[in-house]
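start27.txt, holding compact mmCIF, C-alpha atoms:
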# COMPACT_ATOMS: atom_id res chain seq x y z
CA MET A 27 85.18 6.92 -49.85
CA ARG A 28 86.47 4.77 -47.03
CA VAL A 29 90.05 5.36 -48.13
CA VAL A 30 89.53 9.12 -48.16
CA LEU A 31 88.09 8.98 -44.66
CA THR A 32 90.94 6.85 -43.41
CA ILE A 33 93.42 9.34 -44.81
CA CYS A 34 91.52 12.17 -43.11
CA VAL A 35 91.66 10.33 -39.81
CA LEU A 36 95.35 9.59 -40.24
CA VAL A 37 96.10 13.22 -41.06
CA PHE A 38 94.08 14.26 -38.02
CA PHE A 39 95.89 11.95 -35.63
CA SER A 40 99.35 12.61 -36.99
CA GLY A 41 98.57 16.34 -36.67
CA CYS A 42 97.62 15.67 -33.07
CA ALA A 43 100.81 13.89 -32.21
CA THR A 44 102.98 16.93 -32.66
CA LYS A 45 100.52 19.64 -31.65
CA VAL A 46 101.76 21.70 -28.75
CA SER A 47 99.84 24.67 -27.36
CA GLN A 48 101.08 28.24 -26.87
CA SER A 49 101.71 27.49 -23.23
CA ASN A 50 103.88 24.58 -24.37
CA LEU A 51 101.52 21.82 -23.36
CA TYR A 52 100.71 18.61 -25.18
CA TRP A 53 97.13 17.35 -24.73
CA GLY A 54 96.76 14.50 -27.20
CA ASP A 55 93.12 13.41 -27.41
CA TYR A 56 92.38 14.39 -23.79
CA SER A 57 89.01 16.14 -24.22
CA ASN A 58 87.56 13.36 -26.37
CA THR A 59 88.51 10.44 -24.14
CA LEU A 60 87.42 12.35 -21.01
CA TYR A 61 84.07 13.18 -22.58
CA MET A 62 83.49 9.52 -23.44
CA VAL A 63 84.06 8.58 -19.77
CA LYS A 64 81.54 11.18 -18.64
CA LYS A 65 79.05 10.24 -21.33
CA GLU A 66 79.29 6.45 -20.92
CA PRO A 67 81.30 5.43 -17.87
CA SER A 68 82.49 1.88 -18.57
CA ASP A 69 85.67 -0.15 -18.29
CA ALA A 70 86.34 0.46 -21.98
CA THR A 71 86.00 4.27 -21.89
CA LYS A 72 87.93 4.50 -18.60
CA THR A 73 90.77 2.36 -19.92
CA ALA A 74 90.94 4.47 -23.09
CA HIS A 75 91.16 7.68 -21.05
CA GLU A 76 93.74 6.30 -18.63
CA GLU A 77 95.88 5.18 -21.56
CA GLU A 78 95.54 8.63 -23.10
CA LEU A 79 96.68 10.21 -19.81
CA GLN A 80 99.72 7.95 -19.74
CA SER A 81 100.53 8.74 -23.34
CA ILE A 82 100.29 12.49 -22.57
CA VAL A 83 102.83 12.04 -19.76
CA GLU A 84 105.19 10.05 -22.03
CA LYS A 85 104.95 12.42 -25.01
CA SER A 86 105.36 15.48 -22.78
CA LYS A 87 108.54 13.97 -21.35
CA GLU A 88 109.82 13.09 -24.83
CA MET A 89 109.32 16.70 -25.89
CA SER A 90 110.68 18.04 -22.57
CA LEU A 91 107.38 19.74 -21.78
CA ARG A 92 105.56 20.24 -18.50
CA VAL A 93 102.87 17.61 -18.01
CA PRO A 94 99.57 19.59 -18.30
CA PRO A 95 97.57 20.49 -15.15
CA GLY A 96 95.52 17.64 -13.70
CA ILE A 97 96.99 14.79 -15.75
CA TYR A 98 99.02 13.28 -12.87
CA ALA A 99 96.13 13.89 -10.46
CA GLU A 100 93.68 12.06 -12.74
CA LEU A 101 96.08 9.12 -13.03
CA GLY A 102 96.17 9.16 -9.23
CA LEU A 103 92.38 8.87 -9.07
CA TYR A 104 92.42 5.80 -11.33
CA ALA A 105 94.99 4.23 -8.99
CA VAL A 106 92.77 5.07 -5.99
CA ASP A 107 89.83 3.36 -7.67
CA ARG A 108 91.95 0.23 -8.17
CA GLY A 109 92.97 0.30 -4.50
CA ASP A 110 96.60 0.99 -5.41
CA GLN A 111 97.23 3.69 -2.79
CA LYS A 112 100.98 3.72 -3.25
CA THR A 113 100.81 4.55 -6.95
CA ALA A 114 98.05 7.05 -6.23
CA GLN A 115 100.11 8.92 -3.66
CA ASN A 116 103.05 8.98 -6.03
CA TYR A 117 100.91 10.62 -8.73
CA PHE A 118 99.44 13.19 -6.34
CA ARG A 119 102.96 14.11 -5.26
CA LEU A 120 104.04 14.50 -8.89
CA GLU A 121 101.09 16.83 -9.57
CA GLN A 122 102.14 18.95 -6.59
CA GLU A 123 105.76 18.94 -7.67
CA VAL A 124 104.99 20.28 -11.14
CA TYR A 125 102.34 22.71 -9.87
CA PRO A 126 102.98 24.07 -6.36
CA GLU A 127 99.66 25.95 -6.71
CA GLY A 128 97.93 22.60 -6.36
CA ALA A 129 99.67 21.74 -3.09
CA ILE A 130 96.73 22.45 -0.76
CA LEU A 131 94.35 20.32 -2.81
CA MET A 132 96.86 17.52 -3.27
CA GLN A 133 97.63 17.45 0.47
CA HIS A 134 93.89 17.20 1.05
CA THR A 135 93.71 14.36 -1.49
CA LEU A 136 96.72 12.54 -0.02
CA LYS A 137 95.09 12.67 3.41
CA SER A 138 91.93 11.09 2.09
CA THR A 139 93.87 8.25 0.45
CA PRO A 140 95.33 6.38 3.44
CA SER A 141 98.65 4.66 2.93
CA GLY A 142 99.06 0.96 3.55
CA SER A 143 97.84 -1.86 1.29
CA MET B 18 73.72 76.26 -42.39
CA ARG B 19 75.27 76.20 -38.98
CA LEU B 20 73.47 72.97 -38.03
CA LYS B 21 75.19 70.81 -40.57
CA PRO B 22 78.71 70.73 -39.10
CA LEU B 23 77.17 70.12 -35.68
CA LEU B 24 75.21 67.17 -37.00
CA PHE B 25 78.29 65.87 -38.70
CA LEU B 26 80.30 66.20 -35.50
CA GLY B 27 77.49 64.54 -33.56
CA SER B 28 77.36 61.54 -35.83
CA LEU B 29 81.14 61.25 -35.76
CA MET B 30 81.05 61.17 -31.98
CA LEU B 31 78.30 58.56 -32.04
CA LEU B 32 80.35 56.49 -34.39
CA ALA B 33 83.41 56.80 -32.18
CA THR B 34 81.58 55.88 -28.99
CA GLY B 35 79.88 53.06 -30.86
CA CYS B 36 83.28 51.65 -31.66
CA ALA B 37 84.55 52.18 -28.15
CA THR B 38 81.82 50.04 -26.63
CA ASN B 39 82.56 47.10 -28.90
CA THR B 40 86.25 46.71 -28.31
CA SER B 41 88.59 47.46 -25.48
CA THR B 42 91.91 46.29 -24.18
CA LYS B 43 92.38 43.50 -21.70
CA GLY B 44 93.91 45.93 -19.22
CA GLN B 45 90.95 48.31 -19.39
CA ALA B 46 88.33 45.59 -19.32
CA TYR B 47 89.75 43.43 -16.56
CA PRO B 48 92.12 45.48 -14.36
CA GLU B 49 91.58 43.24 -11.32
CA MET B 50 93.10 40.30 -13.20
CA TYR B 51 96.38 42.22 -13.32
CA THR B 52 96.37 43.29 -9.70
CA GLU B 53 95.29 39.94 -8.22
CA LYS B 54 97.01 37.62 -10.71
CA PRO B 55 95.02 34.47 -9.91
CA VAL B 56 96.80 31.23 -10.78
CA ALA B 57 94.89 28.29 -9.27
CA ILE B 58 91.41 28.21 -10.75
CA LEU B 59 88.56 26.11 -9.40
CA VAL B 60 86.18 25.11 -12.19
CA VAL B 61 82.76 24.30 -10.77
CA PRO B 62 80.00 22.38 -12.59
CA ALA B 63 78.12 24.46 -15.18
CA ILE B 64 74.55 25.65 -14.81
CA ASN B 65 72.55 24.43 -17.77
CA HIS B 66 69.73 26.59 -19.10
CA SER B 67 69.91 25.07 -22.56
CA THR B 68 67.89 22.21 -23.99
CA ALA B 69 70.99 20.04 -24.50
CA ALA B 70 71.33 17.68 -21.54
CA ASP B 71 74.91 16.93 -22.52
CA ALA B 72 76.10 20.55 -22.49
CA PRO B 73 77.53 20.53 -18.92
CA ILE B 74 79.68 17.42 -19.48
CA LEU B 75 80.79 18.76 -22.85
CA TYR B 76 81.89 21.93 -21.08
CA GLU B 77 83.60 20.06 -18.28
CA SER B 78 85.53 17.82 -20.68
CA THR B 79 86.81 20.70 -22.78
CA ILE B 80 87.61 23.54 -20.34
CA ASN B 81 90.82 22.24 -18.74
CA GLU B 82 92.76 22.38 -22.00
CA PRO B 83 92.13 26.00 -23.14
CA LEU B 84 92.19 27.44 -19.61
CA SER B 85 95.55 25.78 -18.92
CA ASN B 86 96.79 26.90 -22.32
CA ALA B 87 95.88 30.46 -21.32
CA GLY B 88 98.44 30.08 -18.53
CA PHE B 89 96.37 29.08 -15.50
CA TYR B 90 96.67 26.17 -13.14
CA VAL B 91 93.29 24.49 -13.37
CA LEU B 92 92.74 22.61 -10.12
CA PRO B 93 92.24 19.01 -11.29
CA ILE B 94 88.54 19.01 -12.16
CA GLU B 95 88.06 15.28 -11.60
CA VAL B 96 89.47 15.68 -8.08
CA THR B 97 87.53 18.82 -7.13
CA ASP B 98 84.35 17.27 -8.57
CA ARG B 99 84.68 14.31 -6.22
CA PHE B 100 85.13 16.60 -3.21
CA LEU B 101 82.17 18.74 -4.23
CA ARG B 102 80.00 15.67 -4.81
CA ASN B 103 80.94 14.29 -1.38
CA GLU B 104 79.79 17.59 0.09
CA GLY B 105 76.53 17.37 -1.83
CA LEU B 106 77.58 20.23 -4.11
CA ALA B 107 77.42 18.62 -7.52
CA GLU B 108 74.86 21.08 -8.94
CA GLY B 109 75.93 24.36 -10.49
CA GLU B 110 72.69 25.98 -9.28
CA VAL B 111 73.60 25.26 -5.65
CA LEU B 112 77.23 26.32 -6.13
CA LYS B 113 76.45 29.76 -7.51
CA ASP B 114 75.01 30.85 -4.15
CA ILE B 115 78.14 29.89 -2.22
CA PRO B 116 80.59 32.79 -1.69
CA PRO B 117 83.79 32.08 -3.67
CA GLN B 118 85.84 32.79 -0.52
CA LYS B 119 84.61 29.46 0.86
CA PHE B 120 86.71 27.65 -1.74
CA ALA B 121 89.98 29.39 -0.91
CA GLU B 122 91.02 27.21 2.01
CA PRO B 123 89.93 23.64 1.19
CA PHE B 124 90.96 23.81 -2.47
CA GLY B 125 93.68 26.42 -2.46
CA ALA B 126 91.79 28.27 -5.17
CA ASP B 127 92.71 31.84 -6.13
CA ALA B 128 89.56 32.21 -8.18
CA VAL B 129 86.42 30.28 -9.11
CA LEU B 130 85.09 29.95 -12.65
CA TYR B 131 81.29 29.80 -12.94
CA VAL B 132 79.68 29.03 -16.28
CA THR B 133 76.06 29.18 -17.34
CA ILE B 134 75.09 27.60 -20.64
CA ASP B 135 72.15 29.63 -21.89
CA LYS B 136 71.66 28.13 -25.29
CA TRP B 137 72.71 25.13 -27.38
CA ASP B 138 70.75 25.17 -30.61
CA THR B 139 71.50 22.72 -33.37
CA ASN B 140 70.50 23.57 -36.93
CA TYR B 141 70.68 21.14 -39.79
CA TYR B 142 70.71 22.20 -43.41
CA VAL B 143 70.82 20.10 -46.53
CA ILE B 144 74.57 20.44 -46.87
CA GLY B 145 75.57 20.88 -43.27
CA GLY B 146 74.59 22.72 -40.17
CA ASN B 147 75.67 24.75 -37.22
CA VAL B 148 75.39 24.89 -33.48
CA THR B 149 74.75 28.17 -31.71
CA VAL B 150 76.03 28.16 -28.18
CA GLY B 151 75.23 30.92 -25.72
CA ALA B 152 77.26 30.95 -22.55
CA SER B 153 78.22 33.26 -19.69
CA PHE B 154 81.59 32.91 -18.02
CA LEU B 155 82.28 34.51 -14.66
CA MET B 156 85.56 34.35 -12.75
CA LYS B 157 85.40 35.50 -9.14
CA SER B 158 88.21 36.08 -6.67
CA SER B 159 88.23 33.70 -3.73
CA LYS B 160 90.02 36.40 -1.75
CA THR B 161 87.51 39.22 -2.15
CA GLY B 162 84.56 37.67 -3.97
CA ALA B 163 84.88 40.37 -6.65
CA THR B 164 84.38 39.58 -10.33
CA LEU B 165 87.81 39.41 -12.00
CA TRP B 166 86.77 38.42 -15.51
CA SER B 167 83.47 37.85 -17.21
CA TYR B 168 82.37 37.15 -20.73
CA GLN B 169 79.03 36.44 -22.33
CA ASP B 170 78.54 35.54 -25.93
CA GLU B 171 76.50 33.65 -28.46
CA ILE B 172 78.84 31.75 -30.72
CA PRO B 173 77.70 30.06 -33.91
CA VAL B 174 79.94 27.11 -34.71
CA ASN B 175 79.76 25.81 -38.24
CA THR B 176 79.60 22.04 -38.32
CA SER B 177 79.57 21.69 -42.11
CA GLY B 178 83.23 22.53 -42.15
CA ASP B 179 83.65 24.97 -45.03
CA SER B 180 85.19 27.56 -42.73
CA SER B 181 87.41 25.31 -40.67
CA GLY B 182 88.94 22.22 -42.16
CA GLY B 183 90.29 21.10 -38.81
CA LEU B 184 86.85 21.09 -37.27
CA LEU B 185 85.35 19.06 -40.09
CA VAL B 186 88.11 16.47 -39.96
CA ALA B 187 87.73 16.26 -36.20
CA LEU B 188 83.98 15.75 -36.52
CA ILE B 189 84.44 13.02 -39.11
CA ALA B 190 87.09 11.34 -36.98
CA THR B 191 84.89 11.22 -33.91
CA ALA B 192 81.86 10.18 -35.95
CA ILE B 193 83.84 7.20 -37.23
CA ALA B 194 85.25 6.35 -33.83
CA THR B 195 81.96 6.56 -31.98
CA GLY B 196 79.32 6.04 -34.64
CA MET B 197 77.57 9.27 -33.68
CA GLN B 198 77.77 12.99 -34.14
CA ASP B 199 80.02 14.33 -31.45
CA TYR B 200 80.05 17.87 -30.13
CA VAL B 201 83.39 17.87 -28.32
CA PRO B 202 85.00 20.01 -31.08
CA VAL B 203 82.08 22.46 -30.85
CA ALA B 204 82.42 22.82 -27.07
CA ARG B 205 86.16 23.16 -27.48
CA ASN B 206 85.68 25.97 -30.01
CA VAL B 207 83.28 27.85 -27.74
CA ASN B 208 85.69 27.70 -24.79
CA LEU B 209 88.53 28.79 -27.02
CA MET B 210 86.63 31.78 -28.46
CA THR B 211 85.45 32.90 -25.04
CA LEU B 212 88.87 32.63 -23.45
CA GLN B 213 90.41 34.91 -26.10
CA SER B 214 89.49 37.84 -23.88
CA ILE B 215 91.04 36.57 -20.65
CA PRO B 216 94.35 38.09 -19.48
CA TYR B 217 97.00 35.36 -19.66
CA GLY B 218 97.98 33.54 -16.49
CA LYS B 219 101.34 32.78 -14.93
CA TYR B 220 102.31 29.89 -17.22
CA HIS B 221 101.79 31.78 -20.48
CA ASN B 222 104.73 33.48 -22.16
CA ASN B 223 102.78 36.75 -22.41
CA HIS B 224 101.66 36.79 -18.79
CA ASP B 225 101.39 40.37 -17.52
CA LYS B 226 102.39 41.70 -20.97
CA ASP B 227 98.98 41.63 -22.67
CA GLN B 228 97.31 44.69 -21.09
CA SER B 229 97.15 46.53 -24.40
CA GLN B 230 95.86 43.57 -26.43
CA ARG B 231 92.55 44.53 -28.04
CA ILE B 232 89.54 42.35 -27.36
CA LYS B 233 85.91 42.28 -28.35
CA LEU B 234 83.77 43.27 -25.39
CA SER B 235 80.77 41.31 -24.24
CA LYS B 236 77.73 42.14 -22.25
CA ILE B 237 78.57 41.72 -18.58
CA PRO B 238 76.60 38.71 -17.42
CA THR B 239 74.04 39.20 -14.70
CA LYS B 240 74.96 37.30 -11.59

Show me this structure written as C-alpha cells.
Amino acid sequence: MRVVLTICVLVFFSGCATKVSQSNLYWGDYSNTLYMVKKEPSDATKTAHEEELQSIVEKSKEMSLRVPPGIYAELGLYAVDRGDQKTAQNYFRLEQEVYPEGAILMQHTLKSTPSGS
Amino acid sequence: MRLKPLLFLGSLMLLATGCATNTSTKGQAYPEMYTEKPVAILVVPAINHSTAADAPILYESTINEPLSNAGFYVLPIEVTDRFLRNEGLAEGEVLKDIPPQKFAEPFGADAVLYVTIDKWDTNYYVIGGNVTVGASFLMKSSKTGATLWSYQDEIPVNTSGDSSGGLLVALIATAIATGMQDYVPVARNVNLMTLQSIPYGKYHNNHDKDQSQRIKLSKIPTK
C-alpha cells in the first residue's frame, strides 16, 4: 500500500514540475504552501512557502516564462520581515518590472520599506 | 383542432426561452468587461456565511492562481492584505460597504473582486464523499463602481475521486504530507469552475477574442 501511495505522490509531483497554465505561468505547489502558512503560521510553514516561491522563480526562468503575479512581491515581504530592506526593494522593483499594472502598489510598498540597514 | 398547433408552438417557445436563460455568451453576459478591460484586480477578504471557519483562507490561498491564469494581474494579495489590515479593513463584511472607487488610487486597482462563501457542506459516504460549495463572486469597477462580472453557483466537488483522478491523487498527497484531510484542491476546483465564465484578461492569449464563447449563466448575486 505504502509503495502505491509513494508512486501516486511521485506521479503527482512530477506532473506538477512541468505543468504550465494556459496563460503560460508555472505555479508549482503555490496554493498548498500558502494555505499552510495561513492555517498554521510558523517558521516551518513560512520557510516551505518561501522556498516554493523561489523555486517558482527559478523554474519560470528555466522555461522562459513570466514569473506569476505576486511571487516577487511575496518574496519581498519575507525580506521585509527579516529586516533585509535592500533585498525587499529589489523584489518589489522586479514585480513592477514584470507587471507595470502593479506600479502604484509597489511604489506604495517601496515607500513603506525605508532604505538603509 | 386549431388549438393544437398553437399549444405546440407555445411549448416550443417555452423550451427555447428556457434554453436561452441557461446559457449565454461572454460578450452578452458581461459587456462591460470588454469595454473597460480591467487588468489589475484587487482581491479583498471573503465574507463567510458558511459553517467552515477555514473557507476564507482556503479561498484566499487558491484565487491568485486561476485569476492570473485567466489573464489578469492580481494585485499581490499578501501585500494588499497587510495594507487593508493596517487600515483596520481585514473583514470582508466591512469591505463590502466601501465604494470600489476608493481602492483605485492607493492600490492602482482597475476592479475589485468581492466573494461571499454561502455554503461549505461536507458529506461523507462509506466509499467517499463530496463537498458542496456555494459562493457568489462579484467584480466591480473601481472607476465607475458598476458590476463588471458576477457569478453565483453551488458546486459539488467529489472527494472520492472516481470522476477526477487528479483530484484524488492531490488529496492523497496532501493527506500524507500533512496528516489531515486538506481542502485546498476543493477550493481550487471551485475557483476554477466559477472563473470559466469570466472574459479573459490582458495576459491571456484569447483576450478580447472570447465574446462568442458560450457560458452557463448563473443567478446574479444580490449585493

Item to check | Nearest residue to chain B from the set A:Lys64, A:Lys85, A:Lys137, A:Lys45 (distances using all atoms listed in the file) | outcome: A:Lys64

Item to check | Answer as a list of chain:residue names, residues within 7 Å of (79.8, 26.2, -8.4) using only C-alpha atoms | outcome: B:Val61, B:Pro62, B:Gly109, B:Val111, B:Leu112, B:Lys113, B:Tyr131

Item to check | Expected answer as a ChimeraX atom specification: chain B residues within 9 Å of chain A, all atoms listed in the file | outcome: /B:56-57,71,74-75,77-83,85-97,122-126,183,186-187,189-191,193,201-202,205,220-222

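A straight line drawn from atom CA of B:Ser235 to atom CA of B:Val203 is 20.0 Å long.
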
Checklist entry - What does the distance between atom CA of B:Pro116 and atom CA of B:Ser167 come to in Å, to one decimal place? => result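 Interatomic distance here is 16.6 Å.
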
Next on the checklist: One decimal, in Å: what's the spacing between atom CA of A:Lys112 and atom CA of A:Gly54?
Outcome noted: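 Separation between atom CA of A:Lys112 and atom CA of A:Gly54: 26.6 Å.
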
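If you measure from each of B:Glu49, B:Phe154, B:Ala128, B:Gly218 to B:Tyr76 using all atoms listed in the file, the closest one turns out to be B:Phe154.
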
Checklist entry - Given the choices B:Leu209, B:Met156, B:Tyr217, B:Asp170, which gets closest to B:Leu234 if the distance is worked out from all atoms listed in the file? => result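 Nearest to B:Leu234: B:Asp170.
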